[in-house]
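Accompanying notes for the structure given below.
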Amino acid sequence: MIKLIKDSVPNAKNDIISGLTVALALVPEAVAFAFVAGVDPLVGLYAAFMIGLITSIFGGRPGMISGATGALAVVMVSLVATGNSMGAAEDNLGLYYLFATVILMGTIQTVVGLLKLGKFVRLIPHSVMMGFVNGLAIVIFLSQLGMFKKVVDGNSQWLQGIDLLMMIGLVLLTMGIMFFLPKLNKKLPEALIAIGAVTAIVLLSNMNVATVGSFIIDGGGTGLEGGLPQFQTDIFTKIPLNMETLSFITPYAIILAAIGLIESLMTLNLVDELTETRGNANRECVAQGGANIITGLFGGMGGCAMIGQSIINIKSGGRNRLSGIVAALTLLAFILFASSLIEQVPIAALVGVMFMVVFGTFAWSSFRILNKIPLSDAFVLISVSTLTVIFDLAVAVIAGIIISALVFAWENAKRIRARKHFLDDGTKVYEIWGPLFFGSIQEFKSKFDVNDDPKNNAFSISGE
C-alpha cells in the first residue's frame, strides 16, 4: 500500500482525471456487453467495478483497465441461454450458471499465473501483435456503429434525417474538441472536457438525442441505480453441485479463461509499448483470476483487460494504479449516488471518444511498411486483422502464431548447408551444419550423393 501511494503521488492529477474519463466510457460498454450476454446491466457494471478495482491494485500492469468485455460476452450468451432452459423462466438459472462458470474461469487463470505460464506471451510475433491492434481498432469502430440506431416499436432501425445529422454533429464536435484542445493546452483532460461540453450543449438546448439512460431502457434495462454487490448464496442452492454441472460449465470456463488471458496479455504488451515500461504477465494472470473469482461470487459477469479503455487511460495521462482505482470507485459512485446524472450523458459524446481511441489504436505505420517487410509477415498481419474482425481475438492470435511458427519452420528447414572434401586416403568428408529437425529431413538427405560416394565416408555435423 505504501509503495502504491508513493508511485501514485508524482502523477496523481493525471491519474485522477484519466480515471474519471475512463469511468464515463465504461458505463455504456459494460451495459452493452451485459445485454449481449443476456443478463441485467448491473451484472456488467458490477463486473467492471470489481475486476477494475482488483486488477488495478494487484495486477501486473499499472495503467491497464479491466472490466466486462465483448469477447467474453459473445461466449456467455450461449451459456446463459442453455442454463435458463434447464429450469423455469422465473428461476433465472442461466445467471447462476454464469456466476459458477466465472468462478471456475478465475480459478483456471490463477493456476496459469501461479505456474508462471504467462511468460509465453513473449512468443507472440510482432506481426501478430500489429495485426491484433489493427483488427481490434476495426472491431471497436464497428461496435460503435450500433449507437447510430434507435428502437422503434421493438425493432432496431438506423437513424435518419435530423436525428442522424444531430448524432453525427455531436460525434464530430466531441472528436474536434479532443483533437484541437491538446494543441492549445496539453495539460487539459481533452476527453473529459469534450464529454462535459457536449453534455452541457445537449441539456441547455434540450436536444432530443440518445443518452446513456435511454440506451439502457431501449435495451430492456431499468436504469443504472443499484446498491453494493451482494454475495450470491443462490449459486450454491439454485444449481446442483455435481459432476453434471461441472461437465456443463467446464468447457465454457476453459474457453473464457483462454480468451480472457490472451486479451489481457496482449493488452499488457500494447501498454508496455505505449509507456515504454514492462509489466508482469504472471502477476496479471493471478490478478485476473482472483478478480473473476470474486466477481462470480458477488454477482458480476466476469471480464478481462479492455484495450479501448486502457488506451483512453494512457492517452489521458494515466500511468499508475491510481487511475484504475479511481475509475472503478467512480463507477461504483455512479451506481450508488449519481445514476440520474450519468444517464443524461449523450451517447454521441462517448461514441466520439471511442472513435478517437480507434484512430489512436490503429497502427497506421503498417501501411508504410507493408511492402518492406517479408511477404510472410505481411500475410500474418493481414490475416490476424481479418480474423479478429470475423471471429474473435483468441482465434486470430492463435491462428497468427500457428502461421508464424509454420513459416519459421519452413524457412529453417531450408537452412541446411553442406561442405564436401576428400582426404588423402580417399575418404570423403561431409561437413553439415544448420537446424536439424523433422522439417529439414528432405533438405538434409539432398546433401548426400550416396551412389557415387566411396566406401570410406566421414561426417561432421553441427546442428541445432
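For the C-alpha cells, the naming scheme is as follows: chains receive sequential letters (A, B, ...) according to their order of presentation, residues are indexed from 1 within each chain, and ligands are indexed from 1 in presentation order.
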
(request) Select from region 195-317 of chain A everything DSSP, run on the backbone, classes as alpha helix (DSSP H), then give the selection as a PyMOL selection string. (result) chain A and resi 195-205+212-218+235-238+243-275+281-297+307-315

Report task. Name all residues at most 10 Å from Thr211 (chain A) (count only C-alpha atoms; drop same-chain ones fewer than 3 positions away) and give them as a ChimeraX atom specification. Result -> /A:28,199,202,208,214-217,342-350

- Message: Residues near region 392-398 of chain A, anyone? I mean within 9 Å using only C-alpha atoms, not counting same-chain ones fewer than 4 positions away, as a list in words.
- Response: Ala71, Ile124, Val128, Met129, Gly131, Phe132, Gly135, Leu136, Ala258, Ile259, Gly260, Ile262, Glu263, Ser383, Val384, Ser385, Thr386, Leu387, Thr388, Ile402 and Ile403 of chain A

*asked:* Neighbouring residues of Gln288 (chain A) were defined as those with any atom within 8 Å, considering only C-alpha atoms; residues of the same chain fewer than 6 positions away were excluded. Please report them as a list in words.
replied: Ile51, Thr55, Gly59, Gly106, Gln109, Thr110, Leu261 and Cys304 of chain A

| said: Taking 5 positions as the minimum chain separation for residues in the same chain, which residues sit within 10 Å of Asn269 (chain A) when counting only C-alpha atoms? Answer as an MDAnalysis selection string. | reply: chainID A and resid 61 121:122 124 129 263:264 274 277:281

Spatial neighbours of Asn282 (chain A), max dist 9 Å, only C-alpha atoms, sep filter under 4 positions, as an mmCIF file with C-alpha atoms, in the first residue's frame:
data_model
loop_
_atom_site.group_PDB
_atom_site.id
_atom_site.type_symbol
_atom_site.label_atom_id
_atom_site.label_comp_id
_atom_site.auth_asym_id
_atom_site.auth_seq_id
_atom_site.Cartn_x
_atom_site.Cartn_y
_atom_site.Cartn_z
ATOM 1 C CA GLY A 60 0.962 -6.759 -13.196
ATOM 2 C CA VAL A 112 -1.891 -20.362 -15.084
ATOM 3 C CA GLY A 113 -0.336 -17.382 -13.291
ATOM 4 C CA LEU A 114 0.994 -19.449 -10.371
ATOM 5 C CA LEU A 115 2.603 -21.879 -12.835
ATOM 6 C CA LYS A 116 4.231 -18.840 -14.488
ATOM 7 C CA LEU A 117 2.835 -19.671 -17.919
ATOM 8 C CA GLY A 118 2.187 -16.008 -18.683
ATOM 9 C CA LYS A 119 5.760 -15.692 -19.930
ATOM 10 C CA VAL A 286 -3.132 -14.245 -10.977
ATOM 11 C CA ALA A 287 -4.861 -10.873 -10.515
#

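Atom pair CA of Glu225 (chain A) / CA of Val27 (chain A): separated by 12.0 Å.
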
For Leu181 (chain A), list every protein, DNA or RNA residue within 10 Å, evaluated using only C-alpha atoms, and leave out those in the same chain fewer than 6 positions away; present the list as an NGL selection string. :A and (187-191 or 193-194)

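Closest to Pro374 (chain A) among A:Glu273, A:Ser127, A:Ser78, A:Gly223 is A:Ser127, based on only C-alpha atoms.
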
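The nearest approach to Met105 (chain A) among the residues A:Leu72, A:Ala37, A:Leu241, A:Leu331, with only C-alpha atoms taken into account, belongs to A:Leu72.
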
Correct to one decimal, the distance CA of Ser316 (chain A)-CA of Ile54 (chain A) is 21.2 Å

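Interatomic distance, CA of Trp433 (chain A) against CA of His126 (chain A): 28.5 Å.
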